[in-house]
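Asker: Contents of my_file07.txt (compact mmCIF, C-alpha atoms) are given next:
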# COMPACT_ATOMS: atom_id res chain seq x y z
CA MET A 1 2.70 -13.92 20.66
CA THR A 2 1.09 -13.86 24.08
CA ASN A 3 1.31 -10.09 24.64
CA LEU A 4 -0.19 -9.20 21.24
CA ARG A 5 -2.36 -6.10 21.45
CA ALA A 6 -2.49 -4.63 17.95
CA VAL A 7 -1.91 -5.24 14.26
CA LEU A 8 -0.83 -2.59 11.76
CA PHE A 9 -1.55 -3.05 8.06
CA ASP A 10 -0.13 -1.52 4.94
CA VAL A 11 -2.95 -0.72 2.49
CA ASP A 12 -2.11 -1.00 -1.23
CA PHE A 13 -1.39 -4.57 -2.38
CA THR A 14 -1.87 -5.79 1.21
CA LEU A 15 -5.56 -5.08 1.82
CA CYS A 16 -6.53 -3.82 -1.62
CA ARG A 17 -5.48 -3.62 -5.26
CA PRO A 18 -6.19 -1.14 -8.05
CA GLY A 19 -9.45 -1.90 -9.82
CA PRO A 20 -10.02 -2.08 -13.58
CA SER A 21 -10.13 1.70 -13.94
CA LEU A 22 -6.49 1.90 -12.79
CA SER A 23 -5.18 -0.93 -14.95
CA ALA A 24 -2.87 -0.72 -17.94
CA GLU A 25 -5.93 0.12 -20.03
CA SER A 26 -6.33 3.39 -18.15
CA TYR A 27 -2.95 4.52 -19.52
CA ALA A 28 -4.14 3.54 -22.99
CA ARG A 29 -7.43 5.45 -22.65
CA ILE A 30 -5.73 8.63 -21.51
CA ALA A 31 -3.06 8.34 -24.22
CA GLU A 32 -5.81 7.87 -26.81
CA ARG A 33 -7.49 11.10 -25.68
CA HIS A 34 -4.19 12.80 -26.52
CA GLY A 35 -4.11 11.17 -29.93
CA VAL A 36 -1.35 8.62 -29.21
CA THR A 37 -1.17 4.87 -28.69
CA VAL A 38 0.69 2.98 -25.95
CA ASP A 39 1.36 -0.74 -25.65
CA VAL A 40 -0.61 -2.20 -22.71
CA GLY A 41 1.47 -5.37 -23.00
CA ARG A 42 4.49 -3.40 -21.78
CA TYR A 43 2.76 -2.19 -18.61
CA ASP A 44 4.17 -4.77 -16.16
CA ASP A 45 7.75 -4.32 -17.38
CA ALA A 46 7.38 -0.53 -17.44
CA ARG A 47 6.01 -0.48 -13.90
CA GLU A 48 8.79 -2.73 -12.63
CA ALA A 49 11.45 -0.55 -14.29
CA ALA A 50 9.89 2.60 -12.85
CA ALA A 51 9.85 1.01 -9.39
CA LEU A 52 13.57 0.24 -9.67
CA ASN A 53 14.21 3.87 -10.61
CA LEU A 54 12.05 5.20 -7.79
CA LYS A 55 14.21 7.47 -5.65
CA ARG A 56 12.61 8.47 -2.39
CA HIS A 57 13.47 11.72 -0.68
CA PRO A 58 16.77 11.07 1.16
CA GLU A 59 15.18 12.16 4.44
CA LEU A 60 12.08 10.01 3.75
CA LEU A 61 9.83 13.05 3.44
CA HIS A 62 6.55 12.52 1.63
CA ASP A 63 6.92 14.04 -1.83
CA ASP A 64 4.13 13.84 -4.41
CA THR A 65 6.57 14.70 -7.22
CA ILE A 66 8.23 11.30 -6.71
CA TRP A 67 4.98 9.48 -7.55
CA HIS A 68 4.39 11.83 -10.47
CA ARG A 69 7.76 10.87 -11.95
CA PHE A 70 6.96 7.21 -11.29
CA THR A 71 3.72 7.51 -13.30
CA GLU A 72 5.48 9.42 -16.07
CA GLU A 73 8.09 6.68 -16.39
CA ILE A 74 5.43 4.00 -16.74
CA PHE A 75 3.70 6.03 -19.45
CA VAL A 76 6.95 6.48 -21.39
CA GLY A 77 7.89 2.84 -20.79
CA MET A 78 4.66 1.83 -22.51
CA GLY A 79 5.67 3.86 -25.55
CA GLY A 80 4.08 7.18 -24.64
CA PRO A 81 5.74 10.37 -25.93
CA PRO A 82 7.86 12.04 -23.22
CA GLU A 83 6.59 15.51 -24.20
CA ILE A 84 3.04 14.72 -22.98
CA ALA A 85 4.02 12.31 -20.19
CA SER A 86 3.61 14.84 -17.38
CA GLU A 87 0.14 15.91 -18.49
CA CYS A 88 -1.04 12.32 -18.93
CA ALA A 89 0.49 11.30 -15.59
CA ARG A 90 -1.55 14.00 -13.83
CA GLU A 91 -4.74 12.56 -15.31
CA ILE A 92 -3.76 9.03 -14.29
CA GLU A 93 -2.93 10.16 -10.73
CA GLN A 94 -6.38 11.67 -10.29
CA GLY A 95 -7.78 8.16 -10.56
CA TRP A 96 -5.45 6.92 -7.81
CA GLU A 97 -6.95 9.43 -5.39
CA VAL A 98 -10.45 7.94 -5.72
CA SER A 99 -11.27 5.24 -3.16
CA GLU A 100 -13.85 3.59 -5.43
CA ASN A 101 -11.11 2.78 -7.92
CA PHE A 102 -9.64 0.23 -5.49
CA GLU A 103 -11.05 -3.16 -4.58
CA LEU A 104 -10.40 -5.08 -1.38
CA PHE A 105 -8.84 -8.53 -1.61
CA GLU A 106 -11.41 -11.15 -0.69
CA ASP A 107 -9.46 -12.07 2.46
CA ALA A 108 -9.31 -8.52 3.88
CA LEU A 109 -12.71 -8.12 5.56
CA PRO A 110 -13.02 -11.62 7.05
CA VAL A 111 -9.52 -11.46 8.54
CA LEU A 112 -10.04 -7.97 9.95
CA GLU A 113 -13.26 -9.22 11.50
CA GLU A 114 -11.44 -12.18 13.05
CA LEU A 115 -8.82 -9.87 14.56
CA ARG A 116 -11.56 -7.66 15.93
CA THR A 117 -13.27 -10.69 17.47
CA ALA A 118 -9.95 -11.39 19.21
CA ARG A 119 -10.18 -7.85 20.65
CA LEU A 120 -7.08 -6.63 18.88
CA ARG A 121 -6.53 -2.99 18.00
CA ILE A 122 -6.15 -2.37 14.26
CA GLY A 123 -4.29 0.42 12.45
CA LEU A 124 -3.46 1.33 8.85
CA VAL A 125 -0.12 2.85 7.80
CA SER A 126 0.23 3.89 4.15
CA ASN A 127 2.56 5.74 1.81
CA GLY A 128 -0.33 6.26 -0.60
CA ILE A 129 -1.42 9.58 -2.06
CA ARG A 130 -5.17 9.40 -1.36
CA ASP A 131 -7.31 10.28 1.67
CA LEU A 132 -7.20 7.21 3.93
CA GLY A 133 -10.15 8.39 6.00
CA GLU A 134 -12.30 8.46 2.89
CA PHE A 135 -10.94 5.05 1.85
CA VAL A 136 -11.81 3.51 5.22
CA ALA A 137 -15.32 4.97 5.11
CA HIS A 138 -15.96 3.87 1.52
CA HIS A 139 -14.85 0.28 2.14
CA ARG A 140 -16.37 0.17 5.64
CA LEU A 141 -13.17 -0.93 7.33
CA ASP A 142 -13.36 -1.31 11.11
CA VAL A 143 -10.04 0.17 12.24
CA ASP A 144 -8.90 2.22 15.22
CA ALA A 145 -6.19 4.42 13.69
CA ILE A 146 -5.00 5.55 10.27
CA VAL A 147 -1.70 7.22 9.36
CA ASP A 148 -0.87 8.26 5.80
CA SER A 149 2.41 9.75 4.67
CA ARG A 150 0.81 12.70 2.89
CA THR A 151 -0.70 13.92 6.17
CA HIS A 152 2.14 12.77 8.43
CA GLY A 153 4.93 14.16 6.26
CA TRP A 154 7.28 11.16 6.29
CA VAL A 155 7.06 7.84 4.46
CA LYS A 156 7.75 4.30 5.58
CA PRO A 157 10.29 3.07 6.63
CA HIS A 158 10.78 6.30 8.63
CA PRO A 159 10.24 5.32 12.29
CA THR A 160 7.93 8.22 13.13
CA ILE A 161 5.12 7.06 10.86
CA PHE A 162 4.99 3.74 12.72
CA GLN A 163 5.36 5.45 16.10
CA VAL A 164 2.41 7.75 15.44
CA ALA A 165 0.26 4.70 14.69
CA LEU A 166 1.39 3.02 17.91
CA ASP A 167 0.65 6.18 19.89
CA ARG A 168 -2.82 6.51 18.40
CA LEU A 169 -3.55 2.91 19.28
CA GLY A 170 -2.10 3.27 22.75
CA VAL A 171 0.21 0.26 22.35
CA GLU A 172 3.93 -0.54 22.45
CA ALA A 173 6.00 -1.84 19.54
CA ALA A 174 6.67 -5.11 21.36
CA GLY A 175 2.96 -5.89 21.47
CA THR A 176 2.28 -5.01 17.83
CA VAL A 177 2.67 -6.82 14.51
CA MET A 178 3.10 -5.02 11.17
CA VAL A 179 1.67 -6.69 8.06
CA GLY A 180 2.63 -5.48 4.59
CA ASP A 181 3.85 -6.34 1.10
CA SER A 182 7.11 -4.33 1.02
CA LEU A 183 10.25 -5.82 2.52
CA GLU A 184 11.98 -2.46 2.91
CA GLU A 185 9.08 -0.18 3.81
CA ASP A 186 6.90 -2.45 5.92
CA ILE A 187 9.00 -5.32 7.21
CA GLU A 188 12.43 -3.77 7.78
CA GLY A 189 10.89 -0.46 8.87
CA ALA A 190 8.70 -2.09 11.53
CA ARG A 191 11.40 -4.47 12.78
CA ALA A 192 13.80 -1.56 13.23
CA LEU A 193 11.33 -0.15 15.75
CA GLY A 194 11.04 -3.45 17.63
CA MET A 195 7.87 -4.78 16.04
CA ARG A 196 7.30 -8.23 14.71
CA ALA A 197 6.55 -8.02 10.98
CA ILE A 198 4.91 -10.43 8.53
CA LEU A 199 5.34 -10.11 4.76
CA ILE A 200 2.27 -10.58 2.57
CA ASP A 201 3.75 -12.03 -0.61
CA ARG A 202 0.72 -12.50 -2.86
CA GLN A 203 2.86 -13.06 -5.97
CA ASP A 204 5.10 -15.59 -4.18
CA ARG A 205 8.25 -13.60 -5.03
CA HIS A 206 10.15 -13.99 -1.76
CA PRO A 207 10.06 -17.67 -0.73
CA GLY A 208 13.17 -17.33 1.44
CA VAL A 209 11.80 -14.61 3.71
CA GLU A 210 11.15 -15.52 7.33
CA GLU A 211 7.57 -14.83 8.48
CA ARG A 212 5.83 -14.74 5.12
CA LEU A 213 2.26 -15.45 3.98
CA THR A 214 0.88 -15.57 0.45
CA ASP A 215 -2.52 -14.28 1.62
CA LEU A 216 -4.16 -12.92 4.75
CA TYR A 217 -6.16 -16.04 5.55
CA GLY A 218 -3.16 -17.51 7.36
CA LEU A 219 -2.63 -14.41 9.51
CA PRO A 220 -4.77 -15.33 12.55
CA ALA A 221 -2.95 -18.65 12.92
CA ALA A 222 0.43 -16.92 12.46
CA LEU A 223 -0.53 -14.60 15.27
CA GLY A 224 -1.44 -17.55 17.48
CA LEU A 225 -5.14 -16.72 17.64
CA PRO A 226 -7.54 -19.53 18.51
CA ARG A 227 -9.57 -20.88 15.61
CA PRO A 228 -13.16 -19.63 15.58
CA GLY A 229 -15.39 -22.17 17.26
Go ahead and express the file in the form of C-alpha cells.
Answerer:
Amino acid sequence: MTNLRAVLFDVDFTLCRPGPSLSAESYARIAERHGVTVDVGRYDDAREAAALNLKRHPELLHDDTIWHRFTEEIFVGMGGPPEIASECAREIEQGWEVSENFELFEDALPVLEELRTARLRIGLVSNGIRDLGEFVAHHRLDVDAIVDSRTHGWVKPHPTIFQVALDRLGVEAAGTVMVGDSLEEDIEGARALGMRAILIDRQDRHPGVEERLTDLYGLPAALGLPRPG
C-alpha cells in the first residue's frame, strides 16, 4: 500500500484483553458477596449467548443500557438469580471502566513502535465504555488520535466514528488501514468508508476471511513496511 499514511486500531481484544480482575471469577466474587453462587465454567457459553442476543441501537447510537443488559445476561447465564442481576451487573461494569484492569497483548507495543518508526499516524477507535484518554495514558500508548463511542455518540460500524478519526489524523480513507477483531464493526464498517481493513483473529475463528492475521506481529509485513534493519 504505497500511499499508506495511517493505521486505525480497535482496542478491546485487538490491542488488549481483560485482566484477571475481569475474568469469570469476578462474576463469582460479586455473586458471593450477594450470598449466591454462579458456575464459572459456564462463563464462555454465557458470554457467547449474550453476544448473540446483543441488540445495538437501530441508529447505532451509543447506549450504555445495551452493555448493562449484556452483562446481566452473562450473570444469569452463569446461574445467577435474575432478581439481583442488574445490581451485580453494575458492580461488574465498574471494573470495566478501570484501565488497570486491562492488559496489553505482548505484540501491541512493539508493533505500534514499528509503525511509528515508519512515520505512520496512529489512531484508536473503540465502542468501549471507559475513558480512552485515561487508558492511553495508563498503558503509555503513542497514538495521535482517539475516538470512543461514549464521547462521540455513535458506535462502529457507523461511518461518522471512523470519519472523525480520519479528520483528527488529517488523512483520507484511501490512505488508511483499519485493524480490529470484529468483522461487522471494524472490517465491514471501515471498508464501507473506503478503507482497507485487516481482521485480527486471535482465536483463529475466521480462516476464510480475506486479509486476516492471528496476531499483530504480521501487521507491518501485511502493510508492506520494510523489515527493521
Asker: Would you list the contacts of stretch 103-114 of chain A as a count of residues only, taking every protein, DNA or RNA residue within 9 Å and counting all atoms listed in the file, but skipping same-chain residues closer than 4 positions in sequence?
Answerer: 22
Asker: Could you state the separation of atom CA of A:Val38 and atom CA of A:Met78 in Å, given to one decimal place?
Answerer: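 Distance between the two atoms: 5.4 Å.
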Asker: Quick one, how far is atom CA of A:Ser26 from atom CA of A:Pro82?
Answerer: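 Atom CA of A:Pro82 lies at a distance of 17.4 Å from atom CA of A:Ser26.
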Asker: Kindly indicate which residue among A:Leu120, A:Leu132, A:Val36, A:Ala6 lies nearest to A:Ala197, using only C-alpha atoms for the distances.
Answerer: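 Distance minimum relative to A:Ala197 lands on A:Ala6.
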Asker: Here is a test: counting only C-alpha atoms, which residue of A:Arg47, A:Arg42, A:Arg29, A:Arg121 is nearest to A:Arg5?
Answerer: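 Smallest distance to A:Arg5 is found for A:Arg121.
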Asker: One decimal, in Å: what's the spacing between atom CA of A:Tyr27 and atom CA of A:Asp39?
Answerer: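 So the answer is 9.2 Å.
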Asker: Give, as AutoDock Vina command-line options, the centre coordinates and the x, y and z edge lengths in Å to one decimal for an axis-aligned box around all listed atoms of stretch 217-221 of chain A, padded by 3 Å on each side.
Answerer:
--center_x -4.4 --center_y -16.5 --center_z 9.2 --size_x 9.5 --size_y 10.2 --size_z 13.4
Asker: Which one is closest to A:Gln94: A:Val147, A:Val155, A:Ile30, A:Ile187? Count all atoms listed in the file.
Answerer: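 Using all atoms listed in the file, A:Gln94 sits closest to A:Ile30.
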Asker: Using all atoms listed in the file, which residues sit within 12 Å of A:Asp45 once same-chain residues fewer than 2 positions away are excluded, as a list in words?
Answerer: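 Within the cut-off, the hits are Ala24, Asp39, Val40, Gly41, Arg42, Tyr43, Arg47, Glu48, Ala49, Ala50, Ala51, Leu52, Glu73, Ile74, Phe75, Val76, Gly77, Met78 and Gly79 of chain A.
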Asker: Calculated over all atoms listed in the file, which of the candidates A:Gly180, A:Gly189, A:Pro20, A:Gly194 has the smallest distance to A:Thr214?
Answerer: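 So, comparing all the options, the nearest one is A:Gly180.
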Asker: Skipping near chain neighbours, those fewer than 3 positions away, what residues fall within 8 Å of A:Ala165 using all atoms listed in the file, listed as a ChimeraX atom specification?
Answerer: /A:8,123-125,145-147,161-162,168-169
Asker: Excluding A:Asp148 and residues on its chain fewer than 2 positions from it, collect all residues at most 6 Å away from it, counting only C-alpha atoms, and give them as a count of residues only.
Answerer: 5
Asker: Closest to A:Asp181 among A:Arg202, A:Met195, A:Asp167, A:Phe70, using all atoms listed in the file?
Answerer: A:Arg202
Asker: Please identify all polymer residues lying at most 12 Å from the point (11.1, -10.8, 13.3) (file coordinates), using all atoms listed in the file, and present the result as JSON, numbers by chain.
Answerer: {"A": [1, 174, 176, 177, 178, 179, 183, 186, 187, 188, 189, 190, 191, 192, 193, 194, 195, 196, 197, 198, 199, 209, 210, 211, 212]}
Asker: Between A:Ser86, A:Thr65, A:Ser21, A:Asn3, which is the closest to A:Leu225 once you count only C-alpha atoms?
Answerer: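 Checking each candidate against A:Leu225, we get A:Asn3 as the closest.
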